[in-house]
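> Could you have a look at this structure, given as structure tokens, before my questions?
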Amino acid sequence: MSAAATSPALPHREPLSAPILFWGLLLLGTSGLAPAILLPQWRAYESMCVAEQREQHRHQRMAEAVAQERRLLDGLRTDPALVERVAQRDLSVQPVEGDIVAVAAAAEVVESTDAGFVPAPVPAPTWMQPTLARLPSLDYDAVFCEPPTRTVIIVSSLGVICTALMLYGRSGRARPASTEAAAD
């Protein structure tokens, strides 16, 4: 028999740098995967917040219009002079006494309910603000939200994470000796 066949097989040990490489690859993969998953969700949340603000603005404008119409209705019920002015203006009723002076009416401006709407920015969570303050001002949506680059980022990040798990997933444990050495 040969000397290699008779000597017992030593268990294979990972190098001391294996845990560092494992966690480094895992961190690298996660640093690309997390924004590619979370940023589109954050943008959807922001758009929902802006839609909510827009609806609140519309509601406020409609409430103001209703309050104005209620004041007019109350005035029509109690003030005869107001009834006469509204009749002259809206119904073209001519007063019994006095002269009529023709005045060009200003064109009615129909304001949309979104007029004057300025959305307030949606603040990031407080635990994330220090990190966001350190990031450079770049177009992160183009990288992490748009389909061609987002897909590449996700696939690359998952590839790095899978590589880390395949290479160093059993880090710190001795691998079992080969079955040939155990059979001898």
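Every chain in the structure tokens has a letter given in the order shown (A, B, ...), and although residue numbers restart at 1 in each chain, ligands are simply numbered from 1 in the order shown.
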Find the spatial neighbours of Val122 (chain A), counting only C-alpha atoms, within a cut-off of 10 Å - ignore same-chain residues fewer than 3 positions away - and output them as a PyMOL selection string.

chain A and resi 42-43+45-47+49-50+119+125

> Go ahead and write the selection's residues with N, CA, C and O atoms as a compact mmCIF listing (two decimals), in the first residue's frame.


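Listed below is the output, result_10.txt:
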# COMPACT_ATOMS: atom_id res chain seq x y z
N TRP A 42 -40.43 52.66 -0.86
CA TRP A 42 -40.47 53.99 -0.25
C TRP A 42 -41.06 55.01 -1.21
O TRP A 42 -41.83 55.87 -0.81
N ARG A 43 -40.72 54.92 -2.48
CA ARG A 43 -41.27 55.85 -3.48
C ARG A 43 -42.79 55.65 -3.61
O ARG A 43 -43.53 56.62 -3.76
N TYR A 45 -44.73 54.63 -1.19
CA TYR A 45 -45.25 55.22 0.04
C TYR A 45 -45.31 56.75 -0.08
O TYR A 45 -46.30 57.36 0.33
N GLU A 46 -44.25 57.35 -0.64
CA GLU A 46 -44.24 58.80 -0.82
C GLU A 46 -45.38 59.25 -1.74
O GLU A 46 -46.04 60.26 -1.47
N SER A 47 -45.61 58.51 -2.82
CA SER A 47 -46.68 58.90 -3.75
C SER A 47 -48.05 58.76 -3.08
O SER A 47 -48.94 59.58 -3.32
N CYS A 49 -48.55 59.23 0.15
CA CYS A 49 -48.63 60.38 1.07
C CYS A 49 -48.98 61.66 0.33
O CYS A 49 -49.79 62.47 0.82
N VAL A 50 -48.41 61.85 -0.86
CA VAL A 50 -48.73 63.04 -1.66
C VAL A 50 -50.19 62.98 -2.12
O VAL A 50 -50.89 64.00 -2.10
N PRO A 119 -47.28 69.96 -2.33
CA PRO A 119 -47.12 68.84 -1.40
C PRO A 119 -45.94 69.05 -0.46
O PRO A 119 -44.90 69.57 -0.84
N PRO A 125 -37.59 58.03 7.94
CA PRO A 125 -37.61 57.65 9.35
C PRO A 125 -36.41 58.25 10.09
O PRO A 125 -35.32 58.40 9.52

> Report as CSV: every residue of region 32-75 of chain A with an atom at most 10 Å from region 152-167 of chain A, its closest pair of atoms, and their distance in Å to one decimal, counting only C-alpha atoms, with rows sorted by chain and ascending residue number.


residue,atom,partner,partner_atom,distance
A:Gly32,CA,A:Ser157,CA,5.7
A:Leu33,CA,A:Ile154,CA,5.5
A:Ala34,CA,A:Ile154,CA,8.9
A:Pro35,CA,A:Ile154,CA,9.4
A:Ala36,CA,A:Ile154,CA,6.5
A:Ile37,CA,A:Ile154,CA,8.2

> Those same residues - N, CA, C and O atoms - I'd like them written as a PDB file, in the first residue's frame.


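Contents of result_8.pdb, freshly written:
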ATOM      1  N   GLY A  32     -26.401  46.013  -1.849  1.00  0.00           N
ATOM      2  CA  GLY A  32     -27.025  46.260  -3.144  1.00  0.00           C
ATOM      3  C   GLY A  32     -28.471  45.813  -3.182  1.00  0.00           C
ATOM      4  O   GLY A  32     -29.314  46.435  -3.826  1.00  0.00           O
ATOM      5  N   LEU A  33     -28.769  44.726  -2.477  1.00  0.00           N
ATOM      6  CA  LEU A  33     -30.114  44.159  -2.516  1.00  0.00           C
ATOM      7  C   LEU A  33     -31.116  45.002  -1.716  1.00  0.00           C
ATOM      8  O   LEU A  33     -32.246  45.210  -2.160  1.00  0.00           O
ATOM      9  N   ALA A  34     -30.713  45.488  -0.555  1.00  0.00           N
ATOM     10  CA  ALA A  34     -31.635  46.231   0.307  1.00  0.00           C
ATOM     11  C   ALA A  34     -32.192  47.493  -0.368  1.00  0.00           C
ATOM     12  O   ALA A  34     -33.413  47.688  -0.385  1.00  0.00           O
ATOM     13  N   PRO A  35     -31.350  48.365  -0.947  1.00  0.00           N
ATOM     14  CA  PRO A  35     -31.949  49.544  -1.586  1.00  0.00           C
ATOM     15  C   PRO A  35     -32.778  49.199  -2.823  1.00  0.00           C
ATOM     16  O   PRO A  35     -33.759  49.883  -3.114  1.00  0.00           O
ATOM     17  N   ALA A  36     -32.390  48.135  -3.534  1.00  0.00           N
ATOM     18  CA  ALA A  36     -33.150  47.764  -4.730  1.00  0.00           C
ATOM     19  C   ALA A  36     -34.538  47.248  -4.372  1.00  0.00           C
ATOM     20  O   ALA A  36     -35.460  47.328  -5.185  1.00  0.00           O
ATOM     21  N   ILE A  37     -34.701  46.759  -3.159  1.00  0.00           N
ATOM     22  CA  ILE A  37     -36.012  46.288  -2.724  1.00  0.00           C
ATOM     23  C   ILE A  37     -36.762  47.384  -1.973  1.00  0.00           C
ATOM     24  O   ILE A  37     -37.953  47.591  -2.168  1.00  0.00           O
TER      25      ILE A  37
END

> Mind giving me the straight-line distance from CA of Leu132 (chain A) to CA of Gln56 (chain A) in Å, one decimal?

28.7 Å
